[in-house]
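Structure file upload04.cif (mmCIF, C-alpha atoms) is printed below.
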```cif
data_protein
#
loop_
_atom_site.label_atom_id
_atom_site.label_comp_id
_atom_site.auth_asym_id
_atom_site.auth_seq_id
_atom_site.Cartn_x
_atom_site.Cartn_y
_atom_site.Cartn_z
CA MET Q 1 14.76 0.44 29.13
CA LYS Q 2 12.21 0.40 31.91
CA LEU Q 3 9.36 0.38 29.45
CA ALA Q 4 10.87 -2.50 27.48
CA PHE Q 5 11.19 -4.47 30.72
CA PHE Q 6 7.56 -3.82 31.66
CA GLN Q 7 6.41 -4.77 28.18
CA ARG Q 8 8.26 -8.08 28.34
CA LEU Q 9 6.87 -8.68 31.82
CA SER Q 10 3.35 -7.94 30.61
CA GLN Q 11 3.78 -10.31 27.65
CA LEU Q 12 5.16 -13.05 29.90
CA CYS Q 13 2.30 -12.58 32.37
CA SER Q 14 -0.20 -12.84 29.52
CA VAL Q 15 1.37 -16.14 28.38
CA LEU Q 16 1.12 -17.52 31.93
CA LEU Q 17 -2.39 -16.18 32.52
CA TYR Q 18 -3.86 -17.48 29.27
CA ASN Q 19 -2.26 -20.89 29.82
CA ALA Q 20 -2.59 -21.25 33.58
CA TYR Q 21 -4.24 -24.69 33.60
CA LEU Q 22 -1.00 -26.53 34.36
CA ALA Q 23 -2.74 -29.85 35.09
CA GLY Q 24 -3.49 -30.10 31.37
CA PHE Q 25 0.20 -30.39 30.57
CA VAL Q 26 0.42 -33.44 32.84
CA THR Q 27 -2.81 -35.25 31.94
CA GLY Q 28 -2.95 -34.31 28.23
CA SER Q 29 -6.50 -32.99 28.55
CA ILE Q 30 -7.85 -29.44 28.16
CA TYR Q 31 -9.56 -27.09 30.61
CA GLN Q 32 -13.37 -27.42 30.66
CA GLY Q 33 -14.33 -24.85 33.29
CA PRO Q 34 -16.48 -21.71 33.09
CA LEU Q 35 -13.57 -19.44 32.01
CA LYS Q 36 -13.90 -20.98 28.55
CA LEU Q 37 -16.97 -18.76 28.16
CA ILE Q 38 -14.66 -15.74 27.91
CA PRO Q 39 -12.70 -14.96 24.74
CA CYS Q 40 -8.92 -14.60 25.02
CA PRO Q 41 -7.75 -11.03 24.22
CA GLY Q 42 -4.58 -12.29 22.50
CA PHE Q 43 -3.86 -14.97 19.92
CA ASN Q 44 -3.86 -18.21 21.93
CA CYS Q 45 -5.26 -21.59 20.88
CA HIS Q 46 -7.99 -22.89 23.20
CA SER Q 47 -6.98 -26.47 22.49
CA CYS Q 48 -3.66 -25.86 24.23
CA PRO Q 49 -3.62 -28.12 27.34
CA GLY Q 50 -3.15 -25.06 29.55
CA ALA Q 51 -5.56 -22.63 27.83
CA LEU Q 52 -8.18 -21.04 30.05
CA PHE Q 53 -10.01 -18.93 27.47
CA VAL Q 54 -11.57 -19.48 24.07
CA CYS Q 55 -9.58 -18.35 20.99
CA PRO Q 56 -11.44 -15.40 19.39
CA VAL Q 57 -10.32 -16.28 15.85
CA GLY Q 58 -11.36 -19.91 16.25
CA ALA Q 59 -14.67 -18.84 17.74
CA LEU Q 60 -15.34 -16.36 14.91
CA GLN Q 61 -14.65 -19.08 12.37
CA PHE Q 62 -16.73 -21.62 14.23
CA PHE Q 63 -19.66 -19.22 14.17
CA ALA Q 64 -19.15 -18.38 10.48
CA ALA Q 65 -19.11 -22.09 9.65
CA TYR Q 66 -21.71 -23.52 11.99
CA GLY Q 67 -23.58 -20.60 13.61
CA ARG Q 68 -27.18 -19.50 13.13
CA TYR Q 69 -25.98 -16.26 11.55
CA TYR Q 70 -22.51 -15.70 10.15
CA LEU Q 71 -21.11 -13.00 12.43
CA SER Q 72 -20.62 -13.57 16.13
CA LEU Q 73 -21.77 -10.45 17.95
CA TYR Q 74 -20.30 -11.67 21.21
CA ILE Q 75 -16.75 -12.09 19.88
CA LEU Q 76 -16.84 -9.01 17.65
CA GLY Q 77 -18.23 -6.99 20.57
CA PHE Q 78 -15.44 -8.23 22.83
CA ILE Q 79 -12.76 -7.33 20.27
CA ALA Q 80 -14.39 -3.92 19.62
CA LEU Q 81 -14.52 -3.26 23.37
CA LEU Q 82 -10.77 -3.79 23.75
CA GLY Q 83 -10.13 -1.97 20.48
CA ALA Q 84 -12.21 1.02 21.59
CA VAL Q 85 -10.03 1.38 24.68
CA GLY Q 86 -6.55 1.12 23.19
CA GLY Q 87 -6.69 -0.02 19.58
CA ARG Q 88 -4.02 -2.60 18.92
CA PHE Q 89 -2.32 -2.35 22.33
CA ILE Q 90 -3.14 -6.02 23.08
CA CYS Q 91 -0.80 -7.03 20.22
CA GLY Q 92 2.06 -5.13 21.81
CA TRP Q 93 1.44 -5.94 25.44
CA ALA Q 94 -0.62 -9.08 25.93
CA CYS Q 95 -0.28 -11.45 22.97
CA PRO Q 96 1.63 -14.72 23.51
CA PHE Q 97 2.32 -15.07 19.82
CA GLY Q 98 3.68 -11.53 19.65
CA PHE Q 99 5.98 -12.39 22.55
CA LEU Q 100 7.23 -15.46 20.70
CA GLN Q 101 7.93 -13.36 17.61
CA ASP Q 102 9.80 -10.71 19.60
CA MET Q 103 11.95 -13.38 21.23
CA LEU Q 104 12.71 -15.18 17.95
CA ASN Q 105 13.63 -11.90 16.30
CA LYS Q 106 16.43 -11.48 18.85
CA LEU Q 107 18.32 -14.39 17.26
CA PRO Q 108 21.57 -13.15 15.66
CA VAL Q 109 20.71 -13.86 12.02
CA LYS Q 110 20.45 -11.60 8.99
CA LYS Q 111 17.24 -9.54 9.00
CA PHE Q 112 14.95 -8.79 6.08
CA LYS Q 113 12.22 -6.21 5.64
CA ILE Q 114 8.64 -7.11 4.85
CA PRO Q 115 7.15 -5.23 1.87
CA ARG Q 116 4.38 -2.87 2.95
CA ARG Q 117 1.95 -4.21 0.35
CA LEU Q 118 2.12 -7.66 1.88
CA GLU Q 119 0.54 -6.25 5.05
CA TYR Q 120 -2.86 -6.02 3.31
CA LEU Q 121 -2.92 -9.81 3.18
CA ARG Q 122 -4.21 -9.94 6.75
CA TYR Q 123 -7.45 -8.27 5.64
CA VAL Q 124 -7.76 -10.76 2.79
CA ILE Q 125 -7.32 -13.58 5.32
CA LEU Q 126 -9.79 -11.98 7.72
CA VAL Q 127 -12.55 -11.53 5.17
CA GLY Q 128 -11.73 -14.29 2.70
CA VAL Q 129 -10.70 -17.15 4.97
CA ILE Q 130 -12.24 -16.43 8.37
CA PHE Q 131 -15.66 -15.28 7.16
CA ILE Q 132 -16.35 -16.14 3.50
CA ALA Q 133 -14.50 -19.46 3.07
CA ALA Q 134 -15.72 -20.74 6.45
CA ALA Q 135 -19.32 -19.73 5.72
CA VAL Q 136 -19.34 -21.15 2.20
CA THR Q 137 -17.52 -24.44 2.77
CA ARG Q 138 -18.53 -24.96 6.43
CA GLU Q 139 -14.91 -25.68 7.32
CA PRO Q 140 -12.60 -23.64 9.59
CA TRP Q 141 -9.79 -23.31 7.05
CA PHE Q 142 -7.67 -20.92 9.08
CA CYS Q 143 -7.50 -23.32 12.05
CA LYS Q 144 -7.26 -26.34 9.82
CA ILE Q 145 -4.40 -25.25 7.56
CA ILE Q 146 -2.85 -21.89 8.39
CA CYS Q 147 -2.85 -21.34 12.17
CA PRO Q 148 0.66 -21.95 13.55
CA ALA Q 149 -0.51 -21.27 17.13
CA GLY Q 150 -2.73 -24.36 17.00
CA THR Q 151 0.14 -26.57 15.86
CA LEU Q 152 2.62 -25.13 18.33
CA GLU Q 153 0.45 -24.77 21.44
CA ALA Q 154 -2.05 -27.59 20.92
CA GLY Q 155 -0.94 -30.00 18.20
CA ILE Q 156 2.58 -30.79 19.38
CA PRO Q 157 1.86 -30.99 23.17
CA LEU Q 158 -1.35 -32.99 22.77
CA LEU Q 159 0.25 -35.45 20.38
CA LEU Q 160 3.17 -35.88 22.75
CA LEU Q 161 0.85 -36.45 25.72
CA ASN Q 162 -1.83 -38.60 24.03
CA GLU Q 163 -0.80 -41.80 22.32
CA HIS Q 164 -4.21 -42.43 20.75
CA LEU Q 165 -4.03 -39.08 18.91
CA ARG Q 166 -0.69 -39.96 17.37
CA HIS Q 167 -2.31 -42.67 15.25
CA MET Q 168 -4.51 -40.01 13.61
CA ILE Q 169 -1.64 -37.96 12.15
CA GLY Q 170 -2.18 -37.37 8.42
CA PRO Q 171 -0.91 -35.17 5.60
CA VAL Q 172 -2.73 -32.10 7.00
CA PHE Q 173 -0.63 -32.24 10.15
CA ILE Q 174 2.55 -32.45 8.08
CA VAL Q 175 1.43 -29.37 6.10
CA LYS Q 176 0.69 -27.53 9.34
CA LEU Q 177 4.07 -28.54 10.75
CA VAL Q 178 5.88 -27.28 7.64
CA LEU Q 179 3.94 -24.01 7.82
CA LEU Q 180 4.78 -23.66 11.51
CA PHE Q 181 8.49 -24.07 10.90
CA GLY Q 182 8.24 -21.70 7.95
CA PHE Q 183 6.63 -19.08 10.18
CA LEU Q 184 9.20 -19.65 12.94
CA ALA Q 185 12.05 -19.16 10.45
CA TRP Q 186 10.35 -16.01 9.11
CA MET Q 187 9.96 -14.68 12.65
CA ALA Q 188 13.71 -15.01 13.17
CA VAL Q 189 14.60 -13.01 10.06
CA ALA Q 190 11.82 -10.38 10.03
CA LYS Q 191 10.05 -8.24 12.61
CA ARG Q 192 6.69 -9.70 13.65
CA PRO Q 193 5.77 -11.22 10.27
CA PHE Q 194 2.72 -13.07 11.56
CA CYS Q 195 1.22 -9.95 13.19
CA ARG Q 196 1.78 -7.84 10.09
CA VAL Q 197 0.90 -10.25 7.31
CA VAL Q 198 -1.38 -13.00 8.59
CA CYS Q 199 -3.02 -12.29 11.96
CA PRO Q 200 -6.79 -11.70 11.53
CA LEU Q 201 -7.12 -10.69 15.18
CA GLY Q 202 -4.49 -7.98 14.70
CA ALA Q 203 -6.37 -6.85 11.58
CA LEU Q 204 -9.55 -6.40 13.62
CA TYR Q 205 -7.76 -4.56 16.43
CA GLY Q 206 -5.93 -2.46 13.85
CA LEU Q 207 -9.23 -1.19 12.46
CA CYS Q 208 -9.91 0.32 15.89
CA ASN Q 209 -6.59 2.23 16.05
CA HIS Q 210 -8.11 5.42 14.63
CA LEU Q 211 -11.25 5.16 16.74
CA SER Q 212 -9.82 4.16 20.10
CA PHE Q 213 -10.00 6.18 23.30
CA VAL Q 214 -6.21 6.11 23.71
CA LYS Q 215 -4.37 7.36 20.63
CA MET Q 216 -0.85 8.14 19.55
CA ALA Q 217 0.04 11.71 18.65
CA PHE Q 218 3.09 13.02 16.84
CA ASN Q 219 4.46 16.53 17.18
CA LYS Q 220 6.13 17.46 13.89
CA LYS Q 221 7.68 20.61 15.29
CA ALA Q 222 9.42 18.80 18.14
CA CYS Q 223 10.78 15.95 15.99
CA VAL Q 224 14.43 16.25 14.90
CA TYR Q 225 14.02 13.50 12.26
CA ASP Q 226 17.06 11.50 13.39
CA ALA Q 227 15.04 8.25 12.98
CA THR Q 228 15.99 6.82 16.36
CA CYS Q 229 12.47 5.47 16.72
CA ALA Q 230 12.67 3.40 13.52
CA PRO Q 231 14.99 0.58 14.67
CA ALA Q 232 13.17 0.35 18.02
CA CYS Q 233 9.80 -0.33 16.38
CA PRO Q 234 8.89 -4.05 16.28
CA VAL Q 235 6.65 -3.60 13.20
CA ASP Q 236 8.83 -1.22 11.11
CA HIS Q 237 6.46 1.71 11.56
CA ARG Q 238 7.93 5.16 10.96
CA MET Q 239 6.25 7.58 13.34
CA TYR Q 240 7.85 10.63 11.70
CA ARG Q 241 6.69 9.65 8.21
CA ASP Q 242 3.56 7.51 8.57
CA ASP Q 243 0.22 8.04 10.24
CA PRO Q 244 0.77 7.74 14.03
CA ASN Q 245 -2.49 5.80 14.37
CA ALA Q 246 -2.02 3.50 11.38
CA SER Q 247 -3.40 -0.02 11.70
CA ARG Q 248 0.17 -1.34 11.64
CA CYS Q 249 1.10 0.27 14.97
CA ILE Q 250 0.83 -2.15 17.90
CA ARG Q 251 1.21 0.61 20.53
CA CYS Q 252 4.12 -0.97 22.35
CA LEU Q 253 5.38 2.61 23.01
CA ARG Q 254 8.99 1.68 22.21
CA CYS Q 255 9.22 4.69 19.87
CA ARG Q 256 8.06 6.97 22.64
CA SER Q 257 10.66 5.65 25.07
CA VAL Q 258 13.59 6.18 22.67
CA CYS Q 259 12.44 9.57 21.34
CA THR Q 260 14.70 12.10 23.06
CA PRO Q 261 12.89 15.30 21.94
CA LYS Q 262 9.62 13.73 23.16
CA ALA Q 263 7.80 14.22 19.87
CA ILE Q 264 5.58 11.15 20.36
CA HIS Q 265 2.74 11.36 22.85
CA ILE Q 266 -0.23 9.39 24.04
CA THR Q 267 -3.57 11.20 23.99
CA ALA Q 268 -6.61 9.94 25.82
CA GLY Q 269 -10.17 10.85 24.97
CA GLN Q 270 -9.38 13.54 22.43
CA SER Q 271 -8.70 13.81 18.74
CA SER Q 272 -5.05 13.68 17.70
CA ASP Q 273 -5.81 16.37 15.08
CA PRO Q 274 -4.46 19.90 15.50
CA PRO Q 275 -6.87 22.35 17.16
CA ARG Q 276 -9.47 24.06 14.96
CA GLU Q 277 -8.47 27.32 13.33
CA SER Q 278 -10.75 30.28 13.78
CA CYS Q 279 -12.35 31.67 10.60
CA MET A 1 19.67 16.88 -20.66
CA GLY A 2 17.78 19.77 -22.25
CA CYS A 3 14.74 17.59 -22.79
CA ALA A 4 14.77 16.59 -19.14
CA LEU A 5 15.00 20.23 -18.09
CA VAL A 6 12.05 21.15 -20.30
CA ARG A 7 10.04 18.28 -18.85
CA MET A 8 10.92 19.37 -15.35
CA ASP A 9 9.90 22.92 -16.15
CA MET A 10 6.59 21.70 -17.56
CA TYR A 11 6.05 19.62 -14.47
CA VAL A 12 6.69 22.61 -12.21
CA ARG A 13 4.37 24.80 -14.29
CA LYS A 14 1.68 22.14 -14.16
CA LYS A 15 2.04 22.02 -10.40
CA GLN A 16 1.77 25.81 -10.18
CA LEU A 17 -1.30 25.82 -12.39
CA TYR A 18 -2.87 23.11 -10.32
CA ARG A 19 -2.24 25.14 -7.17
CA LEU A 20 -3.74 28.21 -8.80
CA PHE A 21 -6.86 26.30 -9.84
CA LYS A 22 -7.14 24.91 -6.38
CA ILE A 23 -7.09 28.43 -4.93
CA ILE A 24 -9.60 29.69 -7.49
CA TYR A 25 -11.97 26.85 -6.77
CA HIS A 26 -11.80 27.48 -3.05
CA ILE A 27 -12.51 31.19 -3.34
CA PRO A 28 -16.25 31.67 -3.12
CA ALA A 29 -17.80 34.12 -5.60
CA GLU A 30 -18.41 36.78 -2.98
CA LYS A 31 -18.54 39.77 -5.29
CA ASN A 32 -20.99 38.25 -7.74
CA ASN A 33 -23.33 36.45 -5.42
CA PRO A 34 -22.88 37.02 -1.71
CA LEU A 35 -25.81 34.78 -0.79
CA GLN A 36 -24.33 31.86 -2.70
CA ALA A 37 -20.96 32.44 -1.08
CA ALA A 38 -22.50 32.53 2.38
CA ARG A 39 -24.39 29.33 1.67
CA ASP A 40 -21.21 27.62 0.43
CA ARG A 41 -19.31 28.74 3.49
CA TYR A 42 -22.08 27.49 5.75
CA CYS A 43 -22.24 24.09 4.00
CA TYR A 44 -18.48 23.75 4.27
CA ARG A 45 -18.56 24.60 7.99
CA VAL A 46 -21.36 22.09 8.59
CA ARG A 47 -19.41 19.38 6.75
CA VAL A 48 -16.27 20.10 8.73
CA ASP A 49 -18.23 20.25 12.00
CA ASN A 50 -19.89 16.91 11.26
CA MET A 51 -16.54 15.31 10.51
CA ARG A 52 -15.04 16.75 13.66
CA PHE A 53 -18.01 15.58 15.71
CA LEU A 54 -17.66 12.06 14.31
CA LYS A 55 -13.92 12.06 14.96
CA ARG A 56 -14.32 13.38 18.48
CA HIS A 57 -16.97 10.88 19.48
CA ALA A 58 -15.75 7.89 17.44
CA SER A 59 -14.32 6.08 20.46
CA LYS A 60 -17.54 6.54 22.44
CA MET A 61 -19.61 5.31 19.51
CA LEU A 62 -17.35 2.30 19.07
CA LEU A 63 -17.56 1.58 22.79
CA ALA A 64 -21.36 1.81 22.70
CA ALA A 65 -21.50 -0.45 19.63
CA ALA A 66 -19.19 -2.94 21.35
CA VAL A 67 -21.35 -3.05 24.49
CA LEU A 68 -24.49 -3.46 22.37
CA MET A 69 -22.92 -6.27 20.36
CA LEU A 70 -21.72 -8.01 23.52
CA ALA A 71 -25.17 -7.73 25.07
CA GLY A 72 -26.80 -8.94 21.86
CA GLY A 73 -24.45 -11.92 21.66
CA LEU A 74 -25.03 -12.83 25.30
CA ALA A 75 -28.80 -12.50 24.87
CA ALA A 76 -28.68 -14.80 21.85
CA GLY A 77 -26.76 -17.38 23.88
CA GLU A 78 -23.65 -17.32 21.70
CA HIS A 79 -21.39 -17.89 24.70
CA ASN A 80 -23.01 -21.28 25.32
CA MET A 81 -22.36 -22.30 21.71
CA PHE A 82 -18.70 -21.38 22.07
CA PHE A 83 -18.48 -23.18 25.37
CA THR A 84 -19.54 -26.50 23.84
CA TYR A 85 -16.99 -25.89 21.07
CA ALA A 86 -14.12 -24.83 23.34
CA ILE A 87 -14.27 -27.61 25.94
CA VAL A 88 -13.45 -30.42 23.52
CA ILE A 89 -10.09 -30.85 21.81
CA CYS A 90 -10.37 -29.15 18.42
CA LEU A 91 -8.97 -31.71 15.96
CA ASN A 92 -8.91 -29.07 13.21
CA CYS A 93 -6.71 -26.84 15.36
CA ILE A 94 -4.17 -29.55 16.05
CA GLY A 95 -4.09 -30.61 12.42
CA ILE A 96 -5.69 -34.06 12.53
CA GLY A 97 -9.32 -33.10 11.92
#
```

Please express what this file holds, its structure, as structure tokens.
Amino acid sequence: MKLAFFQRLSQLCSVLLYNAYLAGFVTGSIYQGPLKLIPCPGFNCHSCPGALFVCPVGALQFFAAYGRYYLSLYILGFIALLGAVGGRFICGWACPFGFLQDMLNKLPVKKFKIPRRLEYLRYVILVGVIFIAAAVTREPWFCKIICPAGTLEAGIPLLLLNEHLRHMIGPVFIVKLVLLFGFLAWMAVAKRPFCRVVCPLGALYGLCNHLSFVKMAFNKKACVYDATCAPACPVDHRMYRDDPNASRCIRCLRCRSVCTPKAIHITAGQSSDPPRESC
Amino acid sequence: MGCALVRMDMYVRKKQLYRLFKIIYHIPAEKNNPLQAARDRYCYRVRVDNMRFLKRHASKMLLAAAVLMLAGGLAAGEHNMFFTYAIVICLNCIGIG
């Protein structure tokens, strides 16, 4: 219970920290200070009136569409740096959109499972939409059509605060609004659908899960296979059956807190493999 | 029912055969050619050692690559490009661009 409380606190703090420019919510403008040089670790639109940092997904797309070369070393280096430390821990502990999904999933409605195969879609979006489509068409398609964070955090507040922007509303905004409400409804009935199926930032962090300094380890001998960790997991990951460092795992450590025989561990700076056998 | 049993039996036998082949293939021909066997064992050890080395130092290598990429990006002035992009309201992001 303590861990769950700290996780929620961390998520809430991340929401407040990433969107700490409160004057923007009054004036309808966005922050233009030097902190916009730094990428945001979580998924947070930089056009939100309160946003202090630049959105890494938007920046990656911007560079793929308009940059001198197609891959931004700065943003990829920043993501790899965080990924090398803890893999996908940002998704579990410091992502505002993850927090929103966790909160919406608490609504008392019927829940559905997401098919595992659908989870590969995030890699298709990462490579196909963020890099290839943006580079070929010179348009940021993810921000333009798909991104629900942009509509929720930037579109709706800015249109409410700026009258001159309201006259520019077109069919694209309606499509984005429909997609946003579709995602919100999906978040209520399934566990973290955006993180698992769409999020390109989560896909990049997930690639670092096997290579990170902090890893998850599972002790098969200690596990009693009562599956108490399964309902606690916000991404439907089965520690006792799947790879403990799979790209799906967001390292929220909920499974570890509910595991009574303490079969799930965190290892730092060492391989999670069993020790080498002597020949 | 009988057909299913026969199929199951065949499946089990196939599995056993497969296991047997696997064992045979992993046994080096020590009696026939000890030099060859020693070389095979050595190659296998080197492969395993290399894999273990890569696994053990993967996080350090990723960290080094990340720092290099960050430094490269900063040296190329990418942060300034993003700054000019991030300080204006992104009309694409809000759905009116």

Give me, as a list in words, the contact residues of chain A against chain Q at a cut-off of 6 Å, counting all atoms listed in the file.
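Listed by rising number, the hits are Arg56, Ala58, Ser59, Leu62, Leu63, Ala66, Met69, Leu70, Gly73, His79, Phe83, Ala86, Ile87, Ile89, Cys90, Asn92, Cys93, Ile94, Gly95 and Ile96 of chain A.
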
Among the residues Q:Ala188, Q:Leu17, Q:Ala263, Q:Ala23, the one that comes closest to Q:Lys106 [using all atoms listed in the file]:
Q:Ala188

Interatomic distance (Å, one decimal) between atom CA of Q:Tyr69 and atom CA of Q:Tyr123:
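About the pair atom CA of Q:Tyr69 and atom CA of Q:Tyr123: they are 21.0 Å apart.
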
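As for atom CA of A:Val88 and atom CA of Q:Asn162, they are spaced 14.2 Å apart.
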
If you measure from atom CA of Q:Ala217 to atom CA of Q:Pro96, what distance in Å do you get, rounded to one decimal?
26.9 Å

10 Å contact set for Q:Tyr240, all atoms listed in the file, chain neighbours under 3 positions out, as a PyMOL selection string
chain Q and resi 218-220+223-227+229-230+237+243-244+263-264

Matched chain/residue IDs from the PyMOL selection byres ((chain Q and resi 266) around 6), as a PyMOL selection string:
chain Q and resi 215-217+265+267

Find the spatial neighbours of Q:Arg254, counting all atoms listed in the file, within a cut-off of 9 Å - ignore same-chain residues fewer than 6 positions away - and output them as a CSV table (one decimal) with C-alpha atoms, keeping the file's coordinate frame.
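This went into selection.csv:
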```
chain,number,residue,atom,x,y,z
Q,3,LEU,CA,9.4,0.4,29.4
Q,4,ALA,CA,10.9,-2.5,27.5
Q,229,CYS,CA,12.5,5.5,16.7
Q,232,ALA,CA,13.2,0.4,18.0
Q,233,CYS,CA,9.8,-0.3,16.4
Q,234,PRO,CA,8.9,-4.0,16.3
```
